[in-house]
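Student: What follows is data_18.cif; its format and atoms are mmCIF, N, CA and C atoms and all ligand atoms.
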data_query
#
loop_
_atom_site.label_atom_id
_atom_site.label_comp_id
_atom_site.auth_asym_id
_atom_site.auth_seq_id
_atom_site.Cartn_x
_atom_site.Cartn_y
_atom_site.Cartn_z
N MET A 16 125.70 -117.01 -68.19
CA MET A 16 127.14 -117.10 -68.41
C MET A 16 127.46 -118.41 -69.13
N LYS A 17 128.20 -118.29 -70.21
CA LYS A 17 128.57 -119.48 -70.98
C LYS A 17 130.01 -119.83 -70.66
N LEU A 18 130.23 -121.14 -70.36
CA LEU A 18 131.56 -121.58 -69.99
C LEU A 18 132.29 -122.15 -71.19
N GLY A 19 133.56 -121.80 -71.31
CA GLY A 19 134.40 -122.41 -72.33
C GLY A 19 135.00 -123.70 -71.78
N LYS A 20 135.45 -124.56 -72.69
CA LYS A 20 136.03 -125.83 -72.26
C LYS A 20 137.35 -125.64 -71.53
N ASN A 21 137.97 -124.46 -71.66
CA ASN A 21 139.24 -124.21 -70.97
C ASN A 21 139.02 -123.61 -69.58
N ASP A 22 137.78 -123.29 -69.27
CA ASP A 22 137.48 -122.75 -67.95
C ASP A 22 137.70 -123.85 -66.90
N PRO A 23 138.44 -123.55 -65.81
CA PRO A 23 138.72 -124.57 -64.79
C PRO A 23 137.44 -125.20 -64.22
N ILE A 24 136.36 -124.44 -64.14
CA ILE A 24 135.13 -124.99 -63.57
C ILE A 24 134.49 -126.01 -64.51
N TYR A 25 134.82 -125.92 -65.80
CA TYR A 25 134.31 -126.89 -66.75
C TYR A 25 134.87 -128.27 -66.44
N ALA A 26 136.19 -128.33 -66.18
CA ALA A 26 136.84 -129.61 -65.84
C ALA A 26 136.27 -130.16 -64.53
N LEU A 27 136.03 -129.27 -63.57
CA LEU A 27 135.47 -129.70 -62.29
C LEU A 27 134.05 -130.25 -62.47
N ALA A 28 133.25 -129.54 -63.26
CA ALA A 28 131.88 -130.00 -63.52
C ALA A 28 131.88 -131.36 -64.20
N LYS A 29 132.83 -131.58 -65.10
CA LYS A 29 132.95 -132.86 -65.79
C LYS A 29 133.30 -133.97 -64.80
N GLN A 30 134.20 -133.66 -63.87
CA GLN A 30 134.59 -134.64 -62.84
C GLN A 30 133.40 -135.00 -61.95
N VAL A 31 132.62 -133.98 -61.57
CA VAL A 31 131.44 -134.22 -60.74
C VAL A 31 130.43 -135.11 -61.48
N ALA A 32 130.23 -134.83 -62.76
CA ALA A 32 129.30 -135.63 -63.57
C ALA A 32 129.77 -137.08 -63.66
N GLU A 33 131.08 -137.29 -63.84
CA GLU A 33 131.64 -138.64 -63.91
C GLU A 33 131.50 -139.37 -62.58
N LEU A 34 131.78 -138.65 -61.50
CA LEU A 34 131.66 -139.24 -60.16
C LEU A 34 130.21 -139.63 -59.87
N THR A 35 129.27 -138.75 -60.24
CA THR A 35 127.85 -139.04 -60.04
C THR A 35 127.44 -140.30 -60.80
N ALA A 36 127.92 -140.43 -62.05
CA ALA A 36 127.60 -141.62 -62.85
C ALA A 36 128.16 -142.88 -62.20
N GLN A 37 129.37 -142.79 -61.65
CA GLN A 37 129.98 -143.94 -60.96
C GLN A 37 129.18 -144.31 -59.72
N MET A 38 128.75 -143.30 -58.96
CA MET A 38 127.96 -143.56 -57.75
C MET A 38 126.67 -144.29 -58.10
N GLU A 39 125.99 -143.82 -59.17
CA GLU A 39 124.73 -144.45 -59.58
C GLU A 39 124.96 -145.90 -60.01
N LYS A 40 126.07 -146.15 -60.70
CA LYS A 40 126.40 -147.51 -61.13
C LYS A 40 126.58 -148.43 -59.93
N LEU A 41 127.16 -147.90 -58.86
CA LEU A 41 127.41 -148.69 -57.66
C LEU A 41 126.16 -148.88 -56.80
N GLY A 42 125.07 -148.20 -57.15
CA GLY A 42 123.85 -148.31 -56.36
C GLY A 42 123.74 -147.29 -55.25
N LEU A 43 124.61 -146.28 -55.30
CA LEU A 43 124.56 -145.23 -54.28
C LEU A 43 123.55 -144.17 -54.70
N PHE A 44 122.93 -143.52 -53.71
CA PHE A 44 121.97 -142.46 -54.00
C PHE A 44 122.72 -141.14 -54.06
N THR A 45 122.53 -140.37 -55.14
CA THR A 45 123.31 -139.15 -55.35
C THR A 45 122.62 -137.89 -54.83
N HIS A 46 121.44 -138.02 -54.25
CA HIS A 46 120.70 -136.89 -53.67
C HIS A 46 120.41 -135.79 -54.68
N HIS A 47 120.22 -136.17 -55.93
CA HIS A 47 119.85 -135.19 -56.95
C HIS A 47 118.35 -134.92 -56.90
N ARG A 48 117.62 -135.72 -56.11
CA ARG A 48 116.19 -135.53 -55.86
C ARG A 48 115.90 -136.08 -54.47
N ASP A 49 114.66 -135.87 -53.97
CA ASP A 49 114.26 -136.44 -52.69
C ASP A 49 114.02 -137.94 -52.85
N ILE A 50 114.27 -138.70 -51.77
CA ILE A 50 113.84 -140.09 -51.81
C ILE A 50 112.32 -140.09 -51.76
N THR A 51 111.70 -141.14 -52.25
CA THR A 51 110.26 -141.07 -52.46
C THR A 51 109.57 -142.38 -52.07
N GLU A 52 108.25 -142.34 -52.16
CA GLU A 52 107.45 -143.55 -51.94
C GLU A 52 106.18 -143.46 -52.76
N CYS A 53 105.58 -144.62 -53.03
CA CYS A 53 104.33 -144.67 -53.76
C CYS A 53 103.21 -144.98 -52.78
N GLU A 54 102.31 -144.01 -52.59
CA GLU A 54 101.20 -144.22 -51.64
C GLU A 54 100.19 -145.21 -52.19
N GLN A 55 100.19 -145.38 -53.51
CA GLN A 55 99.22 -146.27 -54.14
C GLN A 55 99.52 -147.75 -53.87
N CYS A 56 100.81 -148.14 -53.94
CA CYS A 56 101.12 -149.56 -53.77
C CYS A 56 102.12 -149.85 -52.66
N GLY A 57 102.56 -148.83 -51.93
CA GLY A 57 103.39 -149.08 -50.76
C GLY A 57 104.86 -149.33 -51.05
N LEU A 58 105.29 -149.04 -52.27
CA LEU A 58 106.70 -149.16 -52.60
C LEU A 58 107.41 -147.91 -52.10
N PHE A 59 108.52 -148.07 -51.42
CA PHE A 59 109.26 -146.88 -50.99
C PHE A 59 110.76 -147.13 -51.03
N GLU A 60 111.51 -146.03 -51.05
CA GLU A 60 112.96 -146.16 -51.09
C GLU A 60 113.56 -145.50 -49.86
N ASP A 61 114.76 -145.97 -49.54
CA ASP A 61 115.48 -145.42 -48.40
C ASP A 61 116.97 -145.55 -48.67
N VAL A 62 117.74 -144.72 -47.98
CA VAL A 62 119.19 -144.74 -48.15
C VAL A 62 119.79 -145.19 -46.83
N ASP A 63 120.69 -146.19 -46.89
CA ASP A 63 121.28 -146.67 -45.63
C ASP A 63 122.45 -145.76 -45.24
N ILE A 64 123.05 -146.07 -44.10
CA ILE A 64 124.08 -145.20 -43.53
C ILE A 64 125.32 -145.10 -44.43
N THR A 65 125.51 -146.10 -45.31
CA THR A 65 126.67 -146.07 -46.21
C THR A 65 126.34 -145.41 -47.55
N GLY A 66 125.07 -144.96 -47.72
CA GLY A 66 124.71 -144.22 -48.93
C GLY A 66 124.05 -145.05 -50.01
N TYR A 67 123.85 -146.35 -49.75
CA TYR A 67 123.20 -147.19 -50.75
C TYR A 67 121.69 -146.99 -50.75
N LEU A 68 121.12 -147.00 -51.97
CA LEU A 68 119.68 -146.84 -52.14
C LEU A 68 119.02 -148.21 -52.16
N PHE A 69 117.97 -148.38 -51.35
CA PHE A 69 117.18 -149.60 -51.33
C PHE A 69 115.72 -149.28 -51.58
N VAL A 70 115.04 -150.21 -52.22
CA VAL A 70 113.60 -150.06 -52.46
C VAL A 70 112.89 -151.22 -51.78
N TYR A 71 111.81 -150.90 -51.06
CA TYR A 71 111.07 -151.90 -50.30
C TYR A 71 109.63 -151.98 -50.77
N ARG A 72 109.06 -153.17 -50.64
CA ARG A 72 107.65 -153.38 -51.00
C ARG A 72 106.76 -153.36 -49.78
N ASP A 73 105.49 -153.06 -49.99
CA ASP A 73 104.42 -153.23 -49.00
C ASP A 73 104.66 -152.46 -47.70
N ASN A 74 105.29 -151.31 -47.78
CA ASN A 74 105.57 -150.50 -46.59
C ASN A 74 106.34 -151.27 -45.53
N ASP A 75 107.13 -152.28 -45.95
CA ASP A 75 107.82 -153.15 -45.00
C ASP A 75 109.34 -153.03 -45.19
N PRO A 76 110.04 -152.47 -44.19
CA PRO A 76 111.48 -152.29 -44.33
C PRO A 76 112.25 -153.61 -44.42
N GLU A 77 111.59 -154.73 -44.16
CA GLU A 77 112.25 -156.04 -44.29
C GLU A 77 112.10 -156.59 -45.71
N ASN A 78 111.20 -156.00 -46.47
CA ASN A 78 110.82 -156.56 -47.76
C ASN A 78 111.51 -155.83 -48.92
N ILE A 79 112.76 -156.13 -49.14
CA ILE A 79 113.55 -155.44 -50.17
C ILE A 79 113.11 -155.90 -51.56
N ALA A 80 112.91 -154.94 -52.45
CA ALA A 80 112.53 -155.24 -53.83
C ALA A 80 113.71 -154.94 -54.74
N ASP A 81 113.88 -155.73 -55.75
CA ASP A 81 114.94 -155.49 -56.73
C ASP A 81 114.41 -154.56 -57.82
N LEU A 82 113.96 -153.38 -57.40
CA LEU A 82 113.34 -152.41 -58.30
C LEU A 82 113.93 -151.03 -58.04
N ARG A 83 113.77 -150.15 -59.00
CA ARG A 83 114.14 -148.75 -58.83
C ARG A 83 113.01 -147.89 -59.36
N PHE A 84 112.72 -146.78 -58.67
CA PHE A 84 111.78 -145.81 -59.21
C PHE A 84 112.36 -145.27 -60.53
N ILE A 85 111.47 -145.00 -61.47
CA ILE A 85 111.90 -144.60 -62.81
C ILE A 85 111.93 -143.08 -62.91
N GLU A 86 113.09 -142.55 -63.34
CA GLU A 86 113.23 -141.10 -63.54
C GLU A 86 113.03 -140.81 -65.01
N ARG A 87 111.89 -140.18 -65.32
CA ARG A 87 111.58 -139.89 -66.72
C ARG A 87 112.33 -138.67 -67.21
N GLU A 88 112.40 -138.54 -68.54
CA GLU A 88 113.06 -137.40 -69.18
C GLU A 88 112.44 -136.06 -68.74
N ASP A 89 111.13 -136.07 -68.48
CA ASP A 89 110.45 -134.82 -68.13
C ASP A 89 110.65 -134.44 -66.66
N GLY A 90 111.44 -135.22 -65.91
CA GLY A 90 111.74 -134.89 -64.52
C GLY A 90 110.83 -135.55 -63.52
N CYS A 91 109.76 -136.20 -63.98
CA CYS A 91 108.87 -136.91 -63.07
C CYS A 91 109.52 -138.23 -62.65
N VAL A 92 109.22 -138.66 -61.42
CA VAL A 92 109.65 -139.96 -60.93
C VAL A 92 108.41 -140.84 -60.83
N VAL A 93 108.50 -142.06 -61.39
CA VAL A 93 107.34 -142.92 -61.54
C VAL A 93 107.58 -144.24 -60.81
N CYS A 94 106.53 -144.77 -60.17
CA CYS A 94 106.59 -146.07 -59.51
C CYS A 94 106.73 -147.17 -60.57
N PRO A 95 107.72 -148.06 -60.40
CA PRO A 95 107.91 -149.12 -61.38
C PRO A 95 106.84 -150.22 -61.31
N LEU A 96 106.09 -150.27 -60.21
CA LEU A 96 105.06 -151.29 -60.06
C LEU A 96 103.72 -150.88 -60.66
N CYS A 97 103.24 -149.67 -60.30
CA CYS A 97 101.89 -149.29 -60.71
C CYS A 97 101.86 -148.10 -61.68
N GLY A 98 103.02 -147.47 -61.92
CA GLY A 98 103.06 -146.38 -62.89
C GLY A 98 102.64 -145.02 -62.35
N GLN A 99 102.32 -144.96 -61.06
CA GLN A 99 101.93 -143.70 -60.43
C GLN A 99 103.10 -142.70 -60.45
N VAL A 100 102.81 -141.42 -60.80
CA VAL A 100 103.83 -140.38 -60.69
C VAL A 100 103.96 -140.03 -59.21
N VAL A 101 105.15 -140.23 -58.64
CA VAL A 101 105.33 -140.01 -57.20
C VAL A 101 106.09 -138.73 -56.89
N LEU A 102 106.81 -138.20 -57.86
CA LEU A 102 107.51 -136.92 -57.68
C LEU A 102 107.40 -136.12 -58.97
N GLU A 103 107.03 -134.84 -58.83
CA GLU A 103 106.99 -133.94 -59.98
C GLU A 103 108.31 -133.16 -59.97
N PRO A 104 108.73 -132.69 -61.14
CA PRO A 104 109.96 -131.88 -61.16
C PRO A 104 109.80 -130.62 -60.33
N GLU A 105 110.89 -130.22 -59.63
CA GLU A 105 110.83 -129.01 -58.83
C GLU A 105 110.86 -127.80 -59.75
N GLU A 106 110.06 -126.78 -59.39
CA GLU A 106 110.06 -125.56 -60.19
C GLU A 106 111.25 -124.72 -59.85
N GLU A 107 111.84 -124.08 -60.86
CA GLU A 107 113.04 -123.29 -60.61
C GLU A 107 112.79 -121.81 -60.73
ZN ZN A 201 103.13 -147.81 -57.01
#
As structure tokens, what does this structure read like?
Ligand SMILES: [Zn+2]
Tutor:
Amino acid sequence: MKLGKNDPIYALAKQVAELTAQMEKLGLFTHHRDITECEQCGLFEDVDITGYLFVYRDNDPENIADLRFIEREDGCVVCPLCGQVVLEPEEE
């Protein structure tokens, strides 16, 4: 089904996309994928009760890293430290 720009759901989809972009800018996790971890170097991410995404080093929840896992164009998520692919795109 192809949507026209006058379709009410088109405006709603645009609002959702804008809201998602704002959430990402604020550092909130949008749940568009699973949170992940790198088994190779111990980097992992977690979401706190307010929805903020944090990344930790060395499997230590006290050791916050100023890093983000990299979401590639092909849908893979890559560790920013060692380059390991930690999430493959989900099949549809
Ligand atoms: Zn890694």
Student: Within 10 Å of stretch 78-87 of chain A, counting only C-alpha atoms, which residues qualify if same-chain residues fewer than 6 places away don't, as a ChimeraX atom specification?
Tutor: /A:48,50-53,58-60,68-72,93-96,98,100-102,104
Student: Could you tell me how far atom N of A:Gly57 sits from atom N of A:Asn74, in Å to one decimal place?
Tutor: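 Going from atom N of A:Asn74 over to atom N of A:Gly57 covers 5.6 Å.
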Student: What does the distance between atom CA of A:Gln55 and atom ZN of ligand ZN 201 (chain A) come to in Å, to one decimal place?
Tutor: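 According to the coordinates, atom CA of A:Gln55 and atom ZN of ligand ZN 201 (chain A) are separated by 5.1 Å.
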Student: Just how far from atom N of A:Glu103 is atom CA of A:Val62, in Å to one decimal?
Tutor: 19.0 Å
Student: Give me the residues within 8 Å of stretch 29-35 of chain A as a short mmCIF file (atom, residue, chain, number, x, y, z; two decimals) with N, CA and C atoms, in the frame of the given file, counting only N, CA and C atoms and dropping any in the same chain fewer than 6 places off.
Tutor:
data_model
loop_
_atom_site.label_atom_id
_atom_site.label_comp_id
_atom_site.auth_asym_id
_atom_site.auth_seq_id
_atom_site.Cartn_x
_atom_site.Cartn_y
_atom_site.Cartn_z
N PRO A 23 138.44 -123.55 -65.81
CA PRO A 23 138.72 -124.57 -64.79
C PRO A 23 137.44 -125.20 -64.22
N LEU A 41 127.16 -147.90 -58.86
CA LEU A 41 127.41 -148.69 -57.66
C LEU A 41 126.16 -148.88 -56.80
N THR A 45 122.53 -140.37 -55.14
CA THR A 45 123.31 -139.15 -55.35
C THR A 45 122.62 -137.89 -54.83
#
Student: As an MDAnalysis selection string, list the residues of chain A assigned to strand (DSSP E) by DSSP on the backbone atoms of this structure.
Tutor: chainID A and resid 59:62 68:71 79:80 85:86 92:93 100:102
Student: When you count all atoms listed in the file, which of these residues is closest to ligand ZN 201 (chain A): A:Cys56, A:Val92, A:Met38, A:Leu43?
Tutor: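 The closest residue to ligand ZN 201 (chain A) is A:Cys56.
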Student: Can you tell me, as a VMD selection string, which residues in chain A count as alpha helix (DSSP H) by DSSP?
Tutor: chain A and resid 23 to 41
Student: Take the residues from that selection and put them in a file with N, CA and C atoms, as a short mmCIF file (atom, residue, chain, number, x, y, z; two decimals), in the frame of the given file.
Tutor:
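Done, and the output landed in part_38.cif:
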data_model
loop_
_atom_site.label_atom_id
_atom_site.label_comp_id
_atom_site.auth_asym_id
_atom_site.auth_seq_id
_atom_site.Cartn_x
_atom_site.Cartn_y
_atom_site.Cartn_z
N PRO A 23 138.44 -123.55 -65.81
CA PRO A 23 138.72 -124.57 -64.79
C PRO A 23 137.44 -125.20 -64.22
N ILE A 24 136.36 -124.44 -64.14
CA ILE A 24 135.13 -124.99 -63.57
C ILE A 24 134.49 -126.01 -64.51
N TYR A 25 134.82 -125.92 -65.80
CA TYR A 25 134.31 -126.89 -66.75
C TYR A 25 134.87 -128.27 -66.44
N ALA A 26 136.19 -128.33 -66.18
CA ALA A 26 136.84 -129.61 -65.84
C ALA A 26 136.27 -130.16 -64.53
N LEU A 27 136.03 -129.27 -63.57
CA LEU A 27 135.47 -129.70 -62.29
C LEU A 27 134.05 -130.25 -62.47
N ALA A 28 133.25 -129.54 -63.26
CA ALA A 28 131.88 -130.00 -63.52
C ALA A 28 131.88 -131.36 -64.20
N LYS A 29 132.83 -131.58 -65.10
CA LYS A 29 132.95 -132.86 -65.79
C LYS A 29 133.30 -133.97 -64.80
N GLN A 30 134.20 -133.66 -63.87
CA GLN A 30 134.59 -134.64 -62.84
C GLN A 30 133.40 -135.00 -61.95
N VAL A 31 132.62 -133.98 -61.57
CA VAL A 31 131.44 -134.22 -60.74
C VAL A 31 130.43 -135.11 -61.48
N ALA A 32 130.23 -134.83 -62.76
CA ALA A 32 129.30 -135.63 -63.57
C ALA A 32 129.77 -137.08 -63.66
N GLU A 33 131.08 -137.29 -63.84
CA GLU A 33 131.64 -138.64 -63.91
C GLU A 33 131.50 -139.37 -62.58
N LEU A 34 131.78 -138.65 -61.50
CA LEU A 34 131.66 -139.24 -60.16
C LEU A 34 130.21 -139.63 -59.87
N THR A 35 129.27 -138.75 -60.24
CA THR A 35 127.85 -139.04 -60.04
C THR A 35 127.44 -140.30 -60.80
N ALA A 36 127.92 -140.43 -62.05
CA ALA A 36 127.60 -141.62 -62.85
C ALA A 36 128.16 -142.88 -62.20
N GLN A 37 129.37 -142.79 -61.65
CA GLN A 37 129.98 -143.94 -60.96
C GLN A 37 129.18 -144.31 -59.72
N MET A 38 128.75 -143.30 -58.96
CA MET A 38 127.96 -143.56 -57.75
C MET A 38 126.67 -144.29 -58.10
N GLU A 39 125.99 -143.82 -59.17
CA GLU A 39 124.73 -144.45 -59.58
C GLU A 39 124.96 -145.90 -60.01
N LYS A 40 126.07 -146.15 -60.70
CA LYS A 40 126.40 -147.51 -61.13
C LYS A 40 126.58 -148.43 -59.93
N LEU A 41 127.16 -147.90 -58.86
CA LEU A 41 127.41 -148.69 -57.66
C LEU A 41 126.16 -148.88 -56.80
#
Student: Closest to ligand ZN 201 (chain A) among A:Glu77, A:Asp63, A:Glu54, A:Glu105, using only N, CA and C atoms and all ligand atoms?
Tutor: A:Glu54
Student: Would you please work out which residue, of A:Asp73, A:Gly66, A:Gly42, A:Glu106, is nearest to ligand ZN 201 (chain A) when using only C-alpha atoms and all ligand atoms?
Tutor: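 Among A:Asp73, A:Gly66, A:Gly42, A:Glu106, it is A:Asp73 that comes nearest to ligand ZN 201 (chain A).
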